[in-house]
>>> print(open('my_file.cif').read())   # mmCIF, C-alpha atoms and all ligand atoms
data_entry
#
loop_
_atom_site.label_atom_id
_atom_site.label_comp_id
_atom_site.auth_asym_id
_atom_site.auth_seq_id
_atom_site.Cartn_x
_atom_site.Cartn_y
_atom_site.Cartn_z
CA MET A 1 -41.30 -21.45 -31.32
CA LEU A 2 -38.16 -21.52 -29.22
CA THR A 3 -36.13 -24.71 -29.72
CA THR A 4 -32.84 -23.94 -28.09
CA PHE A 5 -31.05 -21.06 -26.35
CA ILE A 6 -27.76 -20.13 -24.73
CA HIS A 7 -27.51 -18.69 -21.24
CA THR A 8 -24.25 -16.96 -20.48
CA GLY A 9 -22.83 -13.84 -18.79
CA ASP A 10 -20.17 -12.84 -16.27
CA PHE A 11 -17.49 -12.67 -18.97
CA HIS A 12 -15.99 -9.59 -17.29
CA LEU A 13 -14.53 -8.49 -20.64
CA GLY A 14 -12.00 -5.70 -20.32
CA ARG A 15 -10.77 -6.82 -16.91
CA PRO A 16 -7.15 -5.86 -16.21
CA PHE A 17 -5.62 -9.09 -14.92
CA THR A 18 -2.77 -8.96 -12.45
CA PHE A 19 -0.47 -11.80 -11.49
CA GLN A 20 2.25 -12.03 -8.85
CA GLN A 21 4.73 -13.26 -11.43
CA GLN A 22 5.52 -11.18 -14.54
CA GLY A 23 2.08 -9.64 -14.42
CA ASN A 24 2.05 -8.09 -17.85
CA TYR A 25 2.83 -11.22 -19.86
CA PHE A 26 0.27 -13.36 -18.04
CA GLY A 27 -2.27 -10.57 -17.91
CA LYS A 28 -2.12 -10.12 -21.68
CA ASN A 29 -2.50 -13.85 -22.29
CA LYS A 30 -5.46 -13.95 -19.91
CA ARG A 31 -7.13 -11.10 -21.74
CA LYS A 32 -6.72 -13.02 -25.02
CA GLU A 33 -8.15 -16.16 -23.45
CA LEU A 34 -11.20 -14.27 -22.27
CA TRP A 35 -11.89 -12.84 -25.73
CA LYS A 36 -11.37 -16.27 -27.24
CA ALA A 37 -14.07 -17.67 -24.97
CA PHE A 38 -16.42 -14.91 -26.09
CA ASP A 39 -15.58 -15.57 -29.75
CA ASP A 40 -16.12 -19.32 -29.19
CA MET A 41 -19.58 -18.62 -27.84
CA ILE A 42 -20.39 -16.41 -30.86
CA ALA A 43 -19.06 -19.08 -33.28
CA TYR A 44 -21.08 -21.80 -31.58
CA THR A 45 -24.22 -19.66 -31.79
CA LYS A 46 -23.68 -19.22 -35.54
CA ASN A 47 -22.74 -22.81 -36.33
CA GLU A 48 -25.61 -24.29 -34.35
CA ARG A 49 -28.06 -21.60 -35.48
CA ILE A 50 -29.08 -20.80 -31.90
CA PRO A 51 -32.08 -18.44 -32.09
CA LEU A 52 -31.60 -16.82 -28.67
CA VAL A 53 -28.66 -15.83 -26.46
CA LEU A 54 -29.28 -14.58 -22.91
CA ILE A 55 -26.58 -12.43 -21.30
CA ALA A 56 -27.24 -12.42 -17.56
CA GLY A 57 -25.13 -9.38 -16.60
CA ASP A 58 -21.47 -8.42 -16.18
CA VAL A 59 -20.47 -9.12 -19.77
CA PHE A 60 -18.15 -6.13 -19.12
CA ASP A 61 -15.88 -5.90 -16.11
CA SER A 62 -16.69 -2.28 -15.34
CA VAL A 63 -18.47 0.81 -16.61
CA ASN A 64 -15.04 2.15 -17.58
CA VAL A 65 -13.95 -0.55 -20.03
CA LEU A 66 -12.50 0.69 -23.30
CA THR A 67 -15.02 1.75 -25.92
CA MET A 68 -13.19 -0.50 -28.38
CA ASP A 69 -14.04 -3.48 -26.15
CA ILE A 70 -17.72 -2.49 -26.07
CA LYS A 71 -17.67 -2.05 -29.84
CA ARG A 72 -16.10 -5.46 -30.24
CA VAL A 73 -19.03 -7.04 -28.40
CA ALA A 74 -21.61 -5.01 -30.32
CA GLU A 75 -19.99 -5.94 -33.64
CA ALA A 76 -19.93 -9.64 -32.73
CA PHE A 77 -23.62 -9.56 -31.80
CA ALA A 78 -24.40 -7.74 -35.05
CA THR A 79 -23.01 -10.70 -37.01
CA LEU A 80 -25.63 -12.98 -35.41
CA GLU A 81 -28.23 -12.25 -38.05
CA ASN A 82 -30.58 -15.04 -37.06
CA THR A 83 -30.19 -14.72 -33.32
CA TRP A 84 -31.84 -12.56 -30.70
CA VAL A 85 -29.45 -11.37 -28.00
CA VAL A 86 -31.13 -10.27 -24.77
CA ILE A 87 -29.00 -8.52 -22.17
CA ILE A 88 -29.39 -7.45 -18.56
CA THR A 89 -26.69 -5.42 -16.86
CA GLY A 90 -24.97 -6.44 -13.62
CA ASN A 91 -23.20 -4.79 -10.73
CA HIS A 92 -20.00 -4.42 -12.77
CA ASP A 93 -21.50 -3.00 -15.98
CA TYR A 94 -24.58 -1.29 -14.52
CA HIS A 95 -26.57 1.03 -16.72
CA GLY A 96 -25.97 4.29 -14.86
CA GLU A 97 -24.78 7.70 -15.96
CA ASN A 98 -21.55 6.24 -17.36
CA SER A 99 -23.20 3.16 -18.87
CA PRO A 100 -21.04 1.19 -21.32
CA TYR A 101 -24.24 0.39 -23.19
CA ASN A 102 -24.70 4.04 -24.19
CA LYS A 103 -21.27 4.33 -25.75
CA VAL A 104 -21.88 2.32 -28.91
CA GLN A 105 -24.65 1.44 -31.36
CA TRP A 106 -26.31 -1.94 -30.97
CA SER A 107 -27.81 -3.87 -33.86
CA SER A 108 -31.56 -4.46 -34.05
CA ASN A 109 -31.23 -8.12 -32.95
CA VAL A 110 -29.94 -6.96 -29.55
CA TYR A 111 -32.32 -6.04 -26.77
CA ILE A 112 -30.96 -4.46 -23.58
CA PHE A 113 -33.05 -4.10 -20.43
CA LYS A 114 -32.35 -0.63 -19.06
CA GLU A 115 -34.44 -0.30 -15.92
CA ASP A 116 -34.22 -1.72 -12.42
CA VAL A 117 -37.83 -2.84 -12.44
CA PHE A 118 -39.13 -5.87 -14.31
CA ARG A 119 -39.99 -5.35 -17.95
CA SER A 120 -40.47 -7.87 -20.71
CA ILE A 121 -39.83 -8.34 -24.38
CA TYR A 122 -42.01 -10.69 -26.42
CA ILE A 123 -40.28 -12.28 -29.39
CA LYS A 124 -43.15 -13.33 -31.59
CA GLU A 125 -41.38 -15.72 -33.94
CA LEU A 126 -40.06 -17.65 -30.94
CA ASN A 127 -43.31 -17.34 -29.00
CA THR A 128 -41.07 -16.41 -26.09
CA GLU A 129 -41.46 -13.68 -23.52
CA ILE A 130 -38.37 -12.65 -21.60
CA TYR A 131 -38.66 -10.74 -18.33
CA GLY A 132 -35.68 -9.00 -16.86
CA MET A 133 -34.37 -6.24 -14.68
CA SER A 134 -31.03 -4.51 -15.02
CA TRP A 135 -28.71 -2.84 -12.56
CA VAL A 136 -28.66 0.96 -12.91
CA LYS A 137 -26.51 1.49 -9.79
CA ASN A 138 -23.89 -0.65 -8.09
CA GLU A 139 -25.76 -1.93 -5.07
CA TYR A 140 -29.18 -3.44 -4.35
CA ARG A 141 -29.93 -4.57 -0.83
CA ALA A 142 -33.48 -5.59 -1.63
CA PHE A 143 -35.26 -7.44 -4.41
CA PRO A 144 -37.75 -5.29 -6.39
CA GLU A 145 -40.67 -7.26 -5.02
CA ARG A 146 -43.42 -4.84 -5.88
CA SER A 147 -42.41 -4.78 -9.51
CA PHE A 148 -42.05 -8.55 -9.59
CA ASN A 149 -45.53 -9.03 -8.15
CA THR A 150 -47.12 -7.19 -11.08
CA ILE A 151 -45.83 -9.83 -13.55
CA LYS A 152 -48.63 -11.88 -15.06
CA LEU A 153 -47.42 -14.67 -17.28
CA ASP A 154 -49.14 -15.77 -20.47
CA HIS A 155 -48.68 -19.52 -20.26
CA SER A 156 -49.21 -20.05 -23.96
CA ARG A 157 -45.77 -18.49 -24.32
CA TYR A 158 -42.37 -19.75 -23.25
CA ASN A 159 -41.48 -17.50 -20.30
CA ILE A 160 -37.95 -16.63 -19.22
CA LEU A 161 -36.81 -14.56 -16.24
CA MET A 162 -33.36 -12.92 -16.15
CA ILE A 163 -31.82 -11.55 -12.92
CA HIS A 164 -28.29 -10.67 -11.85
CA GLY A 165 -28.03 -11.25 -8.12
CA GLU A 166 -27.30 -13.52 -5.22
CA VAL A 167 -29.56 -16.30 -3.96
CA ALA A 168 -29.39 -15.35 -0.28
CA ASN A 169 -31.50 -13.86 2.51
CA GLN A 170 -29.25 -10.84 2.80
CA SER A 171 -26.87 -9.39 0.26
CA HIS A 172 -25.67 -6.07 -1.14
CA TYR A 173 -25.85 -7.71 -4.55
CA LEU A 174 -29.59 -8.07 -5.00
CA PRO A 175 -30.78 -10.83 -2.70
CA ILE A 176 -32.95 -13.41 -4.46
CA ASP A 177 -35.44 -15.69 -2.72
CA LEU A 178 -35.46 -18.61 -5.14
CA LYS A 179 -38.63 -20.27 -3.81
CA TYR A 180 -40.50 -16.99 -4.15
CA ILE A 181 -39.48 -16.27 -7.75
CA GLU A 182 -39.97 -19.90 -8.80
CA GLY A 183 -43.53 -19.68 -7.58
CA LYS A 184 -44.43 -17.47 -10.53
CA GLY A 185 -44.15 -20.39 -12.97
CA PHE A 186 -41.42 -19.32 -15.39
CA ASP A 187 -40.19 -21.97 -17.81
CA PHE A 188 -36.59 -20.90 -17.25
CA ILE A 189 -34.82 -18.59 -14.80
CA ALA A 190 -31.45 -17.33 -16.05
CA LEU A 191 -29.32 -16.01 -13.20
CA GLY A 192 -26.00 -14.18 -13.28
CA HIS A 193 -23.46 -12.96 -10.72
CA ILE A 194 -22.24 -16.15 -9.01
CA HIS A 195 -19.26 -17.35 -11.01
CA LYS A 196 -19.65 -21.02 -10.26
CA PRO A 197 -21.99 -22.54 -12.85
CA GLY A 198 -24.94 -24.44 -11.44
CA ILE A 199 -28.10 -25.91 -12.90
CA ALA A 200 -30.89 -26.67 -10.48
CA PRO A 201 -33.82 -28.93 -11.38
CA GLY A 202 -36.83 -27.01 -12.57
CA GLY A 203 -35.02 -24.75 -15.00
CA VAL A 204 -33.07 -22.38 -12.74
CA ALA A 205 -29.40 -21.83 -13.46
CA TYR A 206 -26.35 -19.72 -12.83
CA CYS A 207 -24.33 -19.72 -16.04
CA GLY A 208 -21.07 -18.94 -14.22
CA SER A 209 -18.02 -17.22 -15.66
CA PRO A 210 -17.11 -18.75 -19.06
CA VAL A 211 -13.45 -18.85 -18.07
CA PRO A 212 -12.13 -18.80 -14.50
CA LEU A 213 -10.95 -15.33 -13.48
CA ASN A 214 -8.74 -16.03 -10.47
CA PHE A 215 -7.49 -18.71 -8.06
CA GLY A 216 -10.86 -18.70 -6.33
CA GLU A 217 -12.60 -19.96 -9.49
CA THR A 218 -11.94 -23.66 -9.90
CA GLY A 219 -13.55 -26.42 -11.93
CA GLU A 220 -14.98 -26.57 -15.43
CA ARG A 221 -16.27 -23.35 -17.05
CA GLY A 222 -18.34 -22.60 -20.13
CA PHE A 223 -21.88 -21.56 -21.03
CA LEU A 224 -25.26 -23.23 -20.69
CA ILE A 225 -27.30 -24.56 -23.52
CA SER A 226 -30.98 -25.44 -23.16
CA LEU A 227 -33.35 -27.42 -25.36
CA VAL A 228 -37.04 -26.64 -25.34
CA GLU A 229 -39.68 -29.21 -26.28
CA VAL A 230 -43.42 -29.43 -25.89
CA ASP A 231 -44.88 -32.38 -24.02
CA ARG A 232 -47.51 -33.66 -26.44
CA GLU A 233 -49.83 -34.93 -23.72
CA THR A 234 -49.89 -31.99 -21.38
CA ASP A 235 -48.96 -29.31 -23.93
CA ASN A 236 -46.41 -27.98 -21.41
CA TYR A 237 -42.91 -26.80 -22.24
CA VAL A 238 -40.11 -29.10 -21.18
CA THR A 239 -36.65 -27.57 -20.84
CA SER A 240 -33.48 -29.61 -20.56
CA SER A 241 -30.26 -27.75 -19.86
CA GLY A 242 -26.66 -28.77 -20.19
CA PHE A 243 -23.21 -27.34 -19.85
CA TYR A 244 -20.99 -26.52 -22.82
CA PRO A 245 -17.39 -26.41 -21.58
CA ILE A 246 -14.99 -23.83 -23.01
CA PRO A 247 -11.36 -24.93 -22.83
CA SER A 248 -9.22 -22.56 -20.77
CA ARG A 249 -6.28 -22.61 -18.39
CA LYS A 250 -7.45 -23.66 -14.93
CA TYR A 251 -6.38 -22.23 -11.60
CA GLU A 252 -5.00 -24.87 -9.24
CA THR A 253 -3.98 -24.41 -5.63
CA ILE A 254 -1.90 -27.29 -4.33
CA GLN A 255 -0.75 -27.84 -0.78
CA ILE A 256 2.58 -29.57 -0.24
CA GLU A 257 3.63 -30.93 3.12
CA ILE A 258 7.26 -30.32 4.06
CA SER A 259 9.07 -32.18 6.83
CA PRO A 260 12.34 -31.25 8.60
CA ASP A 261 14.09 -34.14 6.79
CA ASP A 262 13.41 -32.67 3.34
CA THR A 263 16.44 -31.29 1.53
CA TYR A 264 16.07 -28.41 -0.91
CA SER A 265 16.12 -30.89 -3.82
CA ASN A 266 13.41 -32.96 -2.12
CA ILE A 267 11.24 -29.87 -1.87
CA ILE A 268 11.71 -29.06 -5.56
CA GLU A 269 10.97 -32.69 -6.37
CA LYS A 270 7.76 -32.63 -4.31
CA ALA A 271 6.60 -29.50 -6.09
CA LEU A 272 7.28 -30.96 -9.53
CA SER A 273 5.56 -34.24 -8.80
CA CYS A 274 2.35 -32.46 -7.80
CA GLU A 275 1.14 -32.64 -11.41
CA THR A 276 2.01 -34.08 -14.81
CA ALA A 277 4.41 -32.03 -16.92
CA GLU A 278 1.60 -31.45 -19.41
CA ASN A 279 -0.71 -29.95 -16.78
CA ARG A 280 2.09 -27.89 -15.28
CA LYS A 281 2.63 -26.24 -18.65
CA GLN A 282 -1.10 -25.64 -19.09
CA ASN A 283 -2.58 -24.25 -15.87
CA TYR A 284 -1.99 -21.55 -13.26
CA TYR A 285 -0.49 -23.01 -10.09
CA ARG A 286 -0.30 -21.72 -6.59
CA ILE A 287 1.80 -24.03 -4.43
CA ARG A 288 1.36 -23.66 -0.72
CA PHE A 289 4.09 -25.22 1.39
CA VAL A 290 2.99 -26.30 4.86
CA GLY A 291 4.61 -28.17 7.74
CA TYR A 292 8.05 -27.82 9.30
CA ILE A 293 11.21 -27.05 7.39
CA ASN A 294 14.87 -27.44 8.28
CA PRO A 295 15.85 -23.85 9.24
CA GLU A 296 19.01 -24.07 7.15
CA ILE A 297 16.88 -24.17 4.01
CA GLN A 298 15.64 -20.90 2.54
CA LEU A 299 12.83 -20.91 0.03
CA ASP A 300 13.44 -17.39 -1.29
CA TRP A 301 14.42 -18.76 -4.70
CA VAL A 302 12.07 -21.71 -4.89
CA ASN A 303 9.75 -19.87 -7.24
CA ASP A 304 12.60 -19.09 -9.65
CA ASP A 305 13.83 -22.66 -9.51
CA LEU A 306 10.35 -24.01 -10.37
CA GLN A 307 9.42 -21.40 -12.95
CA GLU A 308 10.59 -23.15 -16.10
CA SER A 309 8.63 -26.29 -15.24
CA PHE A 310 5.31 -24.44 -15.10
CA TYR A 311 3.31 -22.15 -17.36
CA TYR A 312 2.63 -20.03 -14.29
CA ILE A 313 3.60 -20.60 -10.70
CA GLU A 314 3.38 -18.66 -7.49
CA THR A 315 4.49 -20.08 -4.17
CA ASP A 316 3.23 -19.40 -0.68
CA THR A 317 5.52 -20.21 2.25
CA SER A 318 3.62 -18.22 4.85
CA GLN A 319 2.25 -21.36 6.51
CA LEU A 320 5.63 -23.08 6.74
CA GLU A 321 7.24 -23.19 10.19
CA PRO A 322 10.98 -23.52 10.87
CA ASP A 323 11.77 -26.72 12.70
CA ILE A 324 13.19 -24.94 15.72
CA ASP A 325 12.46 -25.47 19.37
CA LEU A 326 12.94 -21.82 20.28
CA ASP A 327 12.08 -22.32 23.96
CA LYS A 328 14.73 -25.03 24.26
CA LEU A 329 17.35 -22.87 22.53
CA ILE A 330 16.57 -19.93 24.79
CA LEU A 331 16.85 -22.18 27.84
CA GLU A 332 20.18 -23.59 26.67
CA ASN A 333 21.55 -20.07 26.19
CA GLU A 334 19.90 -18.64 29.27
CA ASN A 335 23.02 -16.97 30.61
CA ASN A 336 24.50 -15.51 27.45
CA PRO A 337 23.66 -12.77 24.93
CA ILE A 338 22.44 -15.34 22.37
CA GLY A 339 19.63 -16.35 24.71
CA GLN A 340 18.57 -12.75 25.19
CA PHE A 341 18.76 -12.17 21.45
CA LEU A 342 16.60 -15.23 20.70
CA GLU A 343 14.10 -14.19 23.33
CA ALA A 344 13.84 -10.75 21.70
CA LEU A 345 13.20 -12.38 18.32
CA GLY A 346 10.46 -14.49 19.85
CA ASN A 347 8.71 -11.31 20.95
CA ILE A 348 8.36 -9.81 17.47
CA GLU A 349 4.65 -9.28 16.95
CA ASP A 350 4.18 -9.88 13.22
CA PRO A 351 4.31 -13.69 12.83
CA GLU A 352 5.77 -13.47 9.29
CA VAL A 353 8.55 -11.12 10.35
CA ARG A 354 9.19 -13.18 13.50
CA LYS A 355 9.49 -16.39 11.52
CA LYS A 356 11.90 -14.88 8.96
CA ALA A 357 13.98 -13.19 11.68
CA ILE A 358 14.36 -16.43 13.61
CA ILE A 359 15.22 -18.47 10.51
CA TYR A 360 17.81 -15.99 9.23
CA SER A 361 19.41 -15.39 12.63
CA ILE A 362 19.72 -19.04 13.50
CA GLU A 363 21.02 -19.84 10.03
CA ALA A 364 23.67 -17.11 10.43
CA MET A 365 24.62 -18.20 13.93
CA VAL A 366 24.95 -21.83 12.86
CA SER A 367 27.09 -20.99 9.83
CA GLU A 368 29.32 -18.71 11.96
CA GLY A 369 29.70 -21.46 14.50
CA VAL A 370 28.12 -19.38 17.26
CA LEU A 371 25.27 -21.82 17.65
CA LYS A 372 25.45 -25.60 17.29
MN MN A 401 -21.83 -9.61 -10.75
#
>>> encode(input="my_file.cif", output="structure tokens", more="lines below")
Ligand SMILES: [Mn+2]
Amino acid sequence: MLTTFIHTGDFHLGRPFTFQQQGNYFGKNKRKELWKAFDDMIAYTKNERIPLVLIAGDVFDSVNVLTMDIKRVAEAFATLENTWVVIITGNHDYHGENSPYNKVQWSSNVYIFKEDVFRSIYIKELNTEIYGMSWVKNEYRAFPERSFNTIKLDHSRYNILMIHGEVANQSHYLPIDLKYIEGKGFDFIALGHIHKPGIAPGGVAYCGSPVPLNFGETGERGFLISLVEVDRETDNYVTSSGFYPIPSRKYETIQIEISPDDTYSNIIEKALSCETAENRKQNYYRIRFVGYINPEIQLDWVNDDLQESFYYIETDTSQLEPDIDLDKLILENENNPIGQFLEALGNIEDPEVRKKAIIYSIEAMVSEGVLK
């Protein structure tokens, strides 16, 4: 019978990562980190002799990933001699005409669902029946209800359901009504697609992405591990699920408040004190400066000045306002060309361009002694 299993997916292997800063270097490192997470999961499966691994879709980032990447996955699964690997496809690696799953040979311990209706595989030695549907195109606006309704569970078996989709009333990514599918009485429902891991009571879980893929993906990442026991009194299966974290660089977005009194060194200081030196060298940082800045200070080089103190840093100054009372300046220069010039700057439509134009012009006028 089934004792333990892993639920994972959403690796997005083969993704080309792009970064604002020195994209290629960071992109290559990110690619390595992603493969390391996959290899960690494989090693854990071997070491702990996990009999079953569920892949809940999007193990590949697209249907166009390199064949060598697909082969790498197939070869890793083939080394899991005592493990069943059951796969559904997702919206990224859907099993269509150009399916990545057709490009390589899979070992006999791997089972891939290849239809967008519910089918099942019964693994006798684990007394486990796994139901799943795969994506064969890149959009589903409705849940395959008719197919789902034909499922009749054998409750002497441990029953698992695998779906890649979104728990929502409406979605282009296979909307799932959780209450409705829970009503069927599965022992475990393994969901994929949402990258934030989440385990709900009653054996429903999103495994999440095993490493964060961008600044939108925060918090701990890893795969899920479940233990299955039989309650001796009721003879029912009892599943307890936990989270196995995989170490990876985190994405952190930090907001830093700037005031007109801050000098350039103060601003650098504020950015550096946002985190410990150890964390700064470990994670990806996006620092967003907000508030009002002395217009004499330009932040064009702030990223370069911070770079060596961080593993990765990008800065966002778009929400920073120059500490200028434009209306007052215009009023003070009402009867001269400077006033007209400032007024014209104030009328520039694009707020980013307007802000930059005002800062640079005033800076120039102050340094030339035209404006005091
Ligand atoms: Mn997906």
>>> closest_residue(input="my_file.cif", among="A:Ile70, A:Ala43, A:Ile50, A:Ile130", to="A:Asp154", atoms="all atoms listed in the file")
A:Ile130
>>> residues_around(input="my_file.cif", residues="stretch 213-224 of chain A", least_positions_apart="3", cutoff="9 Å", atoms="all atoms listed in the file", output="ChimeraX atom specification")
/A:5-9,11-12,17,30,34,37,41,195-197,199,205-210,241-248,250-253,284-286
>>> residues_near_ligand(input="my_file.cif", ligand="ligand MN 401 (chain A)", cutoff="12 Å", atoms="all atoms listed in the file", output="ChimeraX atom specification")
/A:9-12,55-62,88-94,134-135,138-140,163-166,172-174,191-196,206-209
>>> write_last_selection(input="my_file.cif", atoms="C-alpha atoms", output="PDB file, keeping the file's coordinate frame")
ATOM      1  CA  GLY A   9     -22.830 -13.840 -18.790  1.00  0.00           C
ATOM      2  CA  ASP A  10     -20.170 -12.840 -16.270  1.00  0.00           C
ATOM      3  CA  PHE A  11     -17.490 -12.670 -18.970  1.00  0.00           C
ATOM      4  CA  HIS A  12     -15.990  -9.590 -17.290  1.00  0.00           C
ATOM      5  CA  ILE A  55     -26.580 -12.430 -21.300  1.00  0.00           C
ATOM      6  CA  ALA A  56     -27.240 -12.420 -17.560  1.00  0.00           C
ATOM      7  CA  GLY A  57     -25.130  -9.380 -16.600  1.00  0.00           C
ATOM      8  CA  ASP A  58     -21.470  -8.420 -16.180  1.00  0.00           C
ATOM      9  CA  VAL A  59     -20.470  -9.120 -19.770  1.00  0.00           C
ATOM     10  CA  PHE A  60     -18.150  -6.130 -19.120  1.00  0.00           C
ATOM     11  CA  ASP A  61     -15.880  -5.900 -16.110  1.00  0.00           C
ATOM     12  CA  SER A  62     -16.690  -2.280 -15.340  1.00  0.00           C
ATOM     13  CA  ILE A  88     -29.390  -7.450 -18.560  1.00  0.00           C
ATOM     14  CA  THR A  89     -26.690  -5.420 -16.860  1.00  0.00           C
ATOM     15  CA  GLY A  90     -24.970  -6.440 -13.620  1.00  0.00           C
ATOM     16  CA  ASN A  91     -23.200  -4.790 -10.730  1.00  0.00           C
ATOM     17  CA  HIS A  92     -20.000  -4.420 -12.770  1.00  0.00           C
ATOM     18  CA  ASP A  93     -21.500  -3.000 -15.980  1.00  0.00           C
ATOM     19  CA  TYR A  94     -24.580  -1.290 -14.520  1.00  0.00           C
ATOM     20  CA  SER A 134     -31.030  -4.510 -15.020  1.00  0.00           C
ATOM     21  CA  TRP A 135     -28.710  -2.840 -12.560  1.00  0.00           C
ATOM     22  CA  ASN A 138     -23.890  -0.650  -8.090  1.00  0.00           C
ATOM     23  CA  GLU A 139     -25.760  -1.930  -5.070  1.00  0.00           C
ATOM     24  CA  TYR A 140     -29.180  -3.440  -4.350  1.00  0.00           C
ATOM     25  CA  ILE A 163     -31.820 -11.550 -12.920  1.00  0.00           C
ATOM     26  CA  HIS A 164     -28.290 -10.670 -11.850  1.00  0.00           C
ATOM     27  CA  GLY A 165     -28.030 -11.250  -8.120  1.00  0.00           C
ATOM     28  CA  GLU A 166     -27.300 -13.520  -5.220  1.00  0.00           C
ATOM     29  CA  HIS A 172     -25.670  -6.070  -1.140  1.00  0.00           C
ATOM     30  CA  TYR A 173     -25.850  -7.710  -4.550  1.00  0.00           C
ATOM     31  CA  LEU A 174     -29.590  -8.070  -5.000  1.00  0.00           C
ATOM     32  CA  LEU A 191     -29.320 -16.010 -13.200  1.00  0.00           C
ATOM     33  CA  GLY A 192     -26.000 -14.180 -13.280  1.00  0.00           C
ATOM     34  CA  HIS A 193     -23.460 -12.960 -10.720  1.00  0.00           C
ATOM     35  CA  ILE A 194     -22.240 -16.150  -9.010  1.00  0.00           C
ATOM     36  CA  HIS A 195     -19.260 -17.350 -11.010  1.00  0.00           C
ATOM     37  CA  LYS A 196     -19.650 -21.020 -10.260  1.00  0.00           C
ATOM     38  CA  TYR A 206     -26.350 -19.720 -12.830  1.00  0.00           C
ATOM     39  CA  CYS A 207     -24.330 -19.720 -16.040  1.00  0.00           C
ATOM     40  CA  GLY A 208     -21.070 -18.940 -14.220  1.00  0.00           C
ATOM     41  CA  SER A 209     -18.020 -17.220 -15.660  1.00  0.00           C
TER      42      SER A 209
END
>>> residues_around(input="my_file.cif", residues="A:Ile151", least_positions_apart="5", cutoff="10 Å", atoms="all atoms listed in the file", output="ChimeraX atom specification")
/A:118-120,131,146,184
>>> closest_residue(input="my_file.cif", among="A:Thr45, A:Thr4, A:Ser265, A:Thr317", to="A:Leu126", atoms="only C-alpha atoms")
A:Thr4
>>> residues_near_point(input="my_file.cif", point="(14.4, -15.1, 25.8)", cutoff="8 Å", atoms="only C-alpha atoms", output="MDAnalysis selection string")
chainID A and resid 327 330:331 334 339:344 346
>>> atom_distance(input="my_file.cif", atom1="atom CA of A:Ile358", atom2="atom CA of A:Leu326")
8.7 Å
>>> atom_distance(input="my_file.cif", atom1="atom CA of A:Cys274", atom2="atom CA of A:Tyr25")
24.4 Å
>>> residues_near_point(input="my_file.cif", point="(3.2, -30.0, -0.9)", cutoff="8 Å", atoms="all atoms listed in the file", output="MDAnalysis selection string")
chainID A and resid 254:258 270:271 274 287:290
>>> write_last_selection(input="my_file.cif", atoms="C-alpha atoms", output="PDB file, keeping the file's coordinate frame")
ATOM      1  CA  ILE A 254      -1.900 -27.290  -4.330  1.00  0.00           C
ATOM      2  CA  GLN A 255      -0.750 -27.840  -0.780  1.00  0.00           C
ATOM      3  CA  ILE A 256       2.580 -29.570  -0.240  1.00  0.00           C
ATOM      4  CA  GLU A 257       3.630 -30.930   3.120  1.00  0.00           C
ATOM      5  CA  ILE A 258       7.260 -30.320   4.060  1.00  0.00           C
ATOM      6  CA  LYS A 270       7.760 -32.630  -4.310  1.00  0.00           C
ATOM      7  CA  ALA A 271       6.600 -29.500  -6.090  1.00  0.00           C
ATOM      8  CA  CYS A 274       2.350 -32.460  -7.800  1.00  0.00           C
ATOM      9  CA  ILE A 287       1.800 -24.030  -4.430  1.00  0.00           C
ATOM     10  CA  ARG A 288       1.360 -23.660  -0.720  1.00  0.00           C
ATOM     11  CA  PHE A 289       4.090 -25.220   1.390  1.00  0.00           C
ATOM     12  CA  VAL A 290       2.990 -26.300   4.860  1.00  0.00           C
TER      13      VAL A 290
END
>>> residues_around(input="my_file.cif", residues="A:Tyr312", least_positions_apart="6", cutoff="10 Å", atoms="all atoms listed in the file", output="list in words")
Phe19, Gln20, Gln21, Gln22, Phe26, Tyr251, Arg280, Lys281, Gln282, Asn283, Tyr284, Tyr285, Arg286 and Leu306 of chain A
>>> atom_distance(input="my_file.cif", atom1="atom CA of A:Asn266", atom2="atom CA of A:Gly291")
14.1 Å
>>> closest_residue(input="my_file.cif", among="A:Phe77, A:Phe38, A:Phe113, A:Tyr44", to="A:Val211", atoms="all atoms listed in the file")
A:Phe38
>>> build_atoms(input="my_file.cif", residues="stretch 62-69 of chain A", atoms="N, CA and C atoms", output="mmCIF file, in the frame of the given file")
data_model
loop_
_atom_site.group_PDB
_atom_site.id
_atom_site.type_symbol
_atom_site.label_atom_id
_atom_site.label_comp_id
_atom_site.auth_asym_id
_atom_site.auth_seq_id
_atom_site.Cartn_x
_atom_site.Cartn_y
_atom_site.Cartn_z
ATOM 1 N N SER A 62 -16.371 -3.511 -16.052
ATOM 2 C CA SER A 62 -16.690 -2.280 -15.340
ATOM 3 C C SER A 62 -17.370 -1.310 -16.302
ATOM 4 N N VAL A 63 -17.848 -0.200 -15.757
ATOM 5 C CA VAL A 63 -18.470 0.810 -16.610
ATOM 6 C C VAL A 63 -17.390 1.631 -17.326
ATOM 7 N N ASN A 64 -16.132 1.381 -16.975
ATOM 8 C CA ASN A 64 -15.040 2.150 -17.580
ATOM 9 C C ASN A 64 -14.215 1.356 -18.585
ATOM 10 N N VAL A 65 -14.737 0.218 -19.056
ATOM 11 C CA VAL A 65 -13.950 -0.550 -20.030
ATOM 12 C C VAL A 65 -13.792 0.284 -21.306
ATOM 13 N N LEU A 66 -12.778 -0.057 -22.076
ATOM 14 C CA LEU A 66 -12.500 0.690 -23.300
ATOM 15 C C LEU A 66 -13.680 0.610 -24.267
ATOM 16 N N THR A 67 -13.939 1.726 -24.935
ATOM 17 C CA THR A 67 -15.020 1.750 -25.920
ATOM 18 C C THR A 67 -14.757 0.716 -27.020
ATOM 19 N N MET A 68 -13.493 0.493 -27.344
ATOM 20 C CA MET A 68 -13.190 -0.500 -28.380
ATOM 21 C C MET A 68 -13.627 -1.904 -27.944
ATOM 22 N N ASP A 69 -13.576 -2.178 -26.644
ATOM 23 C CA ASP A 69 -14.040 -3.480 -26.150
ATOM 24 C C ASP A 69 -15.572 -3.588 -26.267
#
